[in-house]
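Pasting final.tsv here (TSV, C-alpha atoms):
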chain	number	residue	atom	x	y	z
A	1	THR	CA	-2.89	-5.02	15.45
A	2	PHE	CA	-2.14	-2.32	12.90
A	3	TYR	CA	0.02	-0.42	15.37
A	4	TYR	CA	2.26	-3.47	15.79
A	5	THR	CA	2.19	-4.10	12.05
A	6	GLU	CA	3.43	-0.54	11.46
A	7	LEU	CA	6.15	-1.01	14.11
A	8	ASN	CA	7.29	-4.20	12.37
A	9	ILE	CA	7.35	-2.44	9.00
A	10	ALA	CA	9.51	0.36	10.46
A	11	ARG	CA	11.89	-2.19	12.02
A	12	MET	CA	12.15	-4.16	8.78
A	13	LEU	CA	12.76	-0.99	6.76
A	14	LEU	CA	15.70	-0.18	9.00
A	15	GLU	CA	17.06	-3.72	8.83
A	16	LEU	CA	16.79	-4.01	5.05
A	17	ASN	CA	18.02	-0.52	4.21
A	18	ILE	CA	21.67	-1.47	4.14
A	19	SER	CA	23.78	1.09	2.33
A	20	THR	CA	26.43	-0.38	0.05
A	21	PRO	CA	27.72	2.50	-2.07
A	22	GLU	CA	29.25	1.46	-5.36
A	23	ASP	CA	32.17	3.37	-6.81
A	24	ASP	CA	30.72	6.43	-8.59
A	25	TYR	CA	32.96	6.07	-11.62
A	26	ILE	CA	32.18	2.37	-12.16
A	27	LEU	CA	28.46	2.96	-11.63
A	28	GLY	CA	28.56	5.89	-14.09
A	29	VAL	CA	30.24	3.74	-16.73
A	30	LYS	CA	27.69	0.95	-16.22
A	31	MET	CA	24.80	3.42	-16.47
A	32	ASP	CA	26.25	4.99	-19.64
A	33	THR	CA	26.63	1.51	-21.17
A	34	VAL	CA	23.01	0.59	-20.32
A	35	GLU	CA	21.78	3.89	-21.79
A	36	ASP	CA	23.80	3.41	-24.99
A	37	MET	CA	22.82	-0.23	-25.51
A	38	SER	CA	19.11	0.26	-24.79
A	39	GLY	CA	18.55	3.72	-26.21
A	40	ILE	CA	17.30	4.88	-22.81
A	41	HIS	CA	18.36	8.40	-21.88
A	42	LEU	CA	17.88	9.41	-18.26
A	43	ASP	CA	17.61	12.93	-16.92
A	44	ASP	CA	19.39	13.94	-13.70
A	45	LEU	CA	16.53	12.93	-11.37
A	46	GLN	CA	16.16	9.56	-13.06
A	47	ARG	CA	19.91	8.94	-12.76
A	48	GLN	CA	19.74	9.82	-9.06
A	49	ALA	CA	16.91	7.31	-8.62
A	50	VAL	CA	18.88	4.58	-10.39
A	51	VAL	CA	21.98	5.32	-8.29
A	52	ALA	CA	19.87	5.15	-5.11
A	53	THR	CA	18.62	1.68	-6.04
A	54	GLN	CA	22.18	0.50	-6.59
A	55	ASN	CA	23.43	1.87	-3.27
A	56	ASN	CA	20.57	1.05	-0.87
A	57	GLY	CA	18.64	-2.00	0.25
A	58	VAL	CA	15.31	-0.17	0.06
A	59	SER	CA	14.38	2.63	-2.38
A	60	ILE	CA	11.21	4.55	-3.11
A	61	ILE	CA	10.62	6.15	-6.51
A	62	THR	CA	7.71	8.56	-6.77
A	63	GLY	CA	6.33	10.76	-9.49
A	64	GLY	CA	3.17	11.66	-11.28
A	65	PRO	CA	2.03	10.40	-14.68
A	66	GLY	CA	4.53	11.04	-17.46
A	67	THR	CA	7.49	11.75	-15.18
A	68	GLY	CA	9.56	8.82	-16.42
A	69	LYS	CA	9.01	6.18	-13.75
A	70	THR	CA	8.73	3.40	-16.35
A	71	THR	CA	11.90	4.51	-18.13
A	72	THR	CA	13.67	4.57	-14.78
A	73	ILE	CA	12.39	1.07	-13.93
A	74	ASN	CA	13.65	-0.22	-17.28
A	75	ALA	CA	17.12	1.23	-16.63
A	76	ILE	CA	17.14	-0.26	-13.12
A	77	ILE	CA	16.20	-3.71	-14.43
A	78	GLN	CA	18.91	-3.61	-17.08
A	79	LEU	CA	21.55	-2.42	-14.62
A	80	PHE	CA	20.80	-5.16	-12.09
A	81	GLU	CA	20.60	-7.82	-14.81
A	82	SER	CA	23.95	-6.66	-16.22
A	83	ASP	CA	25.39	-7.59	-12.80
A	84	GLY	CA	23.85	-11.07	-13.12
A	85	LEU	CA	21.13	-10.43	-10.53
A	86	GLU	CA	17.60	-11.82	-10.73
A	87	VAL	CA	14.85	-9.17	-10.77
A	88	SER	CA	11.20	-9.85	-9.88
A	89	LEU	CA	8.42	-7.41	-10.74
A	90	ALA	CA	5.11	-7.14	-8.92
A	91	ALA	CA	2.06	-4.92	-8.57
A	92	PRO	CA	-1.02	-5.01	-6.32
A	93	THR	CA	-3.51	-5.80	-9.09
A	94	GLY	CA	-3.58	-7.97	-12.18
A	95	ARG	CA	-4.21	-4.95	-14.37
A	96	ALA	CA	-1.18	-3.08	-12.94
A	97	ALA	CA	0.99	-6.20	-13.32
A	98	LYS	CA	-0.09	-6.53	-16.96
A	99	ARG	CA	0.77	-2.87	-17.66
A	100	MET	CA	4.13	-3.36	-15.97
A	101	THR	CA	4.84	-6.44	-18.12
A	102	GLU	CA	3.93	-4.55	-21.29
A	103	ALA	CA	6.04	-1.51	-20.32
A	104	THR	CA	9.16	-3.43	-19.28
A	105	GLY	CA	9.09	-6.58	-21.42
A	106	HIS	CA	9.63	-8.57	-18.20
A	107	GLU	CA	7.00	-10.71	-16.51
A	108	ALA	CA	5.29	-8.95	-13.62
A	109	LYS	CA	3.01	-10.77	-11.19
A	110	THR	CA	0.50	-9.65	-8.65
A	111	ILE	CA	2.07	-9.40	-5.20
A	112	HIS	CA	-0.11	-12.28	-4.00
A	113	ARG	CA	0.98	-14.49	-6.88
A	114	MET	CA	4.64	-13.58	-6.38
A	115	LEU	CA	4.35	-14.56	-2.70
A	116	GLU	CA	2.56	-17.80	-3.73
A	117	ILE	CA	-0.78	-17.41	-1.97
A	118	SER	CA	-2.87	-20.50	-1.39
A	119	GLY	CA	-6.02	-21.39	0.52
A	120	GLY	CA	-8.67	-18.92	1.61
A	121	GLN	CA	-11.56	-20.79	0.03
A	122	SER	CA	-13.24	-21.85	3.26
A	123	ASP	CA	-14.74	-20.47	6.45
A	124	ASP	CA	-12.41	-22.73	8.43
A	125	PRO	CA	-9.60	-20.61	10.02
A	126	GLU	CA	-7.20	-23.53	9.52
A	127	LEU	CA	-7.68	-23.10	5.77
A	128	ASP	CA	-7.16	-19.32	5.70
A	129	ALA	CA	-5.10	-17.94	2.86
A	130	LYS	CA	-1.39	-18.42	3.43
A	131	PHE	CA	1.68	-17.49	1.46
A	132	GLY	CA	4.01	-20.22	0.21
A	133	ARG	CA	6.85	-17.79	0.83
A	134	ASN	CA	7.86	-16.82	4.36
A	135	GLU	CA	10.93	-16.14	6.50
A	136	GLN	CA	11.93	-19.81	6.31
A	137	ASN	CA	11.20	-20.04	2.57
A	138	PRO	CA	11.93	-16.55	1.19
A	139	LEU	CA	11.68	-15.44	-2.41
A	140	GLU	CA	14.78	-16.55	-4.29
A	141	THR	CA	15.32	-13.26	-6.08
A	142	ASP	CA	17.94	-10.57	-5.70
A	143	VAL	CA	15.75	-7.54	-6.49
A	144	VAL	CA	12.02	-6.94	-6.06
A	145	ILE	CA	10.41	-3.98	-7.81
A	146	VAL	CA	6.82	-3.24	-6.74
A	147	ASP	CA	4.83	-0.77	-8.85
A	148	GLU	CA	1.67	1.07	-7.77
A	149	SER	CA	2.90	0.87	-4.17
A	150	SER	CA	0.38	3.42	-2.92
A	151	MET	CA	-2.27	0.71	-3.23
A	152	ILE	CA	-0.58	-1.62	-0.72
A	153	GLY	CA	-2.05	-1.88	2.80
A	154	CYS	CA	-0.07	-2.45	6.00
A	155	LYS	CA	-0.44	-6.23	6.23
A	156	LEU	CA	0.51	-6.92	2.61
A	157	PHE	CA	3.42	-4.47	2.86
A	158	ARG	CA	4.65	-6.33	5.95
A	159	ASP	CA	4.23	-9.63	4.11
A	160	ILE	CA	6.50	-8.43	1.31
A	161	PHE	CA	9.23	-7.61	3.82
A	162	THR	CA	8.95	-10.89	5.70
A	163	GLN	CA	9.07	-12.98	2.53
A	164	VAL	CA	12.16	-11.62	0.79
A	165	ARG	CA	15.74	-12.55	1.58
A	166	PRO	CA	17.41	-10.16	4.04
A	167	ASP	CA	20.05	-9.31	1.41
A	168	ALA	CA	17.50	-8.56	-1.34
A	169	THR	CA	17.02	-5.09	-2.75
A	170	LEU	CA	13.45	-3.71	-2.53
A	171	ILE	CA	12.26	-0.91	-4.80
A	172	PHE	CA	8.83	0.61	-4.37
A	173	VAL	CA	7.43	2.73	-7.20
A	174	GLY	CA	4.34	4.87	-6.91
A	175	ASP	CA	2.49	8.12	-7.20
A	176	LYS	CA	1.28	9.88	-4.05
A	177	ASP	CA	-1.83	10.99	-5.98
A	178	GLN	CA	-2.65	7.45	-7.13
A	179	LEU	CA	-5.35	5.24	-5.61
A	180	GLN	CA	-4.86	4.42	-1.95
A	181	SER	CA	-5.08	0.99	-0.44
A	182	ILE	CA	-8.45	-0.56	0.23
A	183	GLU	CA	-6.84	-2.15	3.30
A	184	PRO	CA	-6.11	-0.15	6.44
A	185	GLY	CA	-2.87	1.82	6.49
A	186	GLN	CA	-1.45	4.36	4.09
A	187	VAL	CA	1.93	2.80	3.51

Is it possible to give me this structure as structure tokens?
Amino acid sequence: TFYYTELNIARMLLELNISTPEDDYILGVKMDTVEDMSGIHLDDLQRQAVVATQNNGVSIITGGPGTGKTTTINAIIQLFESDGLEVSLAAPTGRAAKRMTEATGHEAKTIHRMLEISGGQSDDPELDAKFGRNEQNPLETDVVIVDESSMIGCKLFRDIFTQVRPDATLIFVGDKDQLQSIEPGQV
């Protein structure tokens, strides 16, 4: 089961990672404007991360504590919102979602809540937990940013991919030295 789940994740990564490079000059001007208006000042690595999120369907931002991931996320949010795009924030746990909300000023939800989980309160397999979002009813958001991504197991990671629009931008943020998933798979 997990082998096929991993194969599906790899396939979906390839399908979603559409490269749409934006003009460097225009992107630079937009980033400078966001920095000036918000008081955020990005170093070269942070700017590269922001540019990657603007040019690719899937991005991964990694770094240890204090490396500026939150500042980078804030710049990314502001840049996408300045283009009129809707950004959704999520994290694997309620505590991580709360920290993300406090750090960004934007509501963050648990991944399960974002995907609208329901059921799971019975031993009856017909009543197993299901997501309200799926391929036929995907999340109506343009950008999904998931923090603490190292904590996501294979099945939940696959569920994220199958429940976003094919044209959505996915950004995974994490720390390789952070807690690993309690589910199988080291996504």

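The gap separating atom CA of A:Ala96 from atom CA of A:Leu115 is 16.3 Å, in Å to one decimal.
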
Subject >> Distance criterion (all atoms listed in the file): nearest to A:Ser19 out of A:Asp159, A:Thr67, A:Thr1, A:Gln54 >> reply: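 Closest to A:Ser19 of all the choices is A:Gln54.
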
**OP:** In Å, rounded to a single decimal, give me how far atom CA of A:Val87 is from atom CA of A:Asp177.
**Re:** 26.6 Å

Original post:
A:Leu79: which residues within 8 Å, counting all atoms listed in the file, same-chain residues fewer than 4 positions away excluded, as a list of chain:residue names?
Top reply: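 Those residues are A:Lys30, A:Met31, A:Val34, A:Ala75, A:Asp83.
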
Next, write the just-selected residues to a file, as a short mmCIF file (atom, residue, chain, number, x, y, z; two decimals), in the frame of the given file, keeping C-alpha atoms as the atom set.
data_model
loop_
_atom_site.label_atom_id
_atom_site.label_comp_id
_atom_site.auth_asym_id
_atom_site.auth_seq_id
_atom_site.Cartn_x
_atom_site.Cartn_y
_atom_site.Cartn_z
CA LYS A 30 27.69 0.95 -16.22
CA MET A 31 24.80 3.42 -16.47
CA VAL A 34 23.01 0.59 -20.32
CA ALA A 75 17.12 1.23 -16.63
CA ASP A 83 25.39 -7.59 -12.80
#

Original post:
Using all atoms listed in the file, which residue out of A:Ala52, A:Ala108, A:Leu16, A:Ile182 lies closest to A:Ile152?
Top reply: A:Ile182

**OP:** Enter the distance from atom CA of A:Gln46 to atom CA of A:Pro21, in Å, rounded to one decimal.
**Re:**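 Interatomic distance, atom CA of A:Gln46 to atom CA of A:Pro21: 17.4 Å.
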
Original post:
For A:Val164, which of A:Met12, A:Val144, A:Val187, A:Leu139 is the closest residue, counting all atoms listed in the file?
Top reply: A:Leu139

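Considering the residues A:Thr5, A:Asn137, A:Thr169, A:Ser118 and counting all atoms listed in the file, A:Leu89 has its shortest atom-to-atom contact with A:Thr169.
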
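Taking only C-alpha atoms, the non-local environment of A:Gly57 within 12 Å (same-chain residues fewer than 6 positions away omitted) comprises Met12, Leu13, Leu14, Glu15, Leu16, Asn17, Ile18, Ser19, Thr20, Pro21, Val51, Asp142, Val143, Val144, Ile145, Phe161, Val164, Arg165, Pro166, Asp167, Ala168, Thr169, Leu170, Ile171 and Phe172 of chain A.
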
**OP:** Counting only C-alpha atoms, select every polymer residue within 10 Å of (7.0, -6.8, 12.7) as defined in the file's coordinates, and provide the selection as number ranges by chain.
**Re:** A: 3-12, 155, 158-159, 161-162
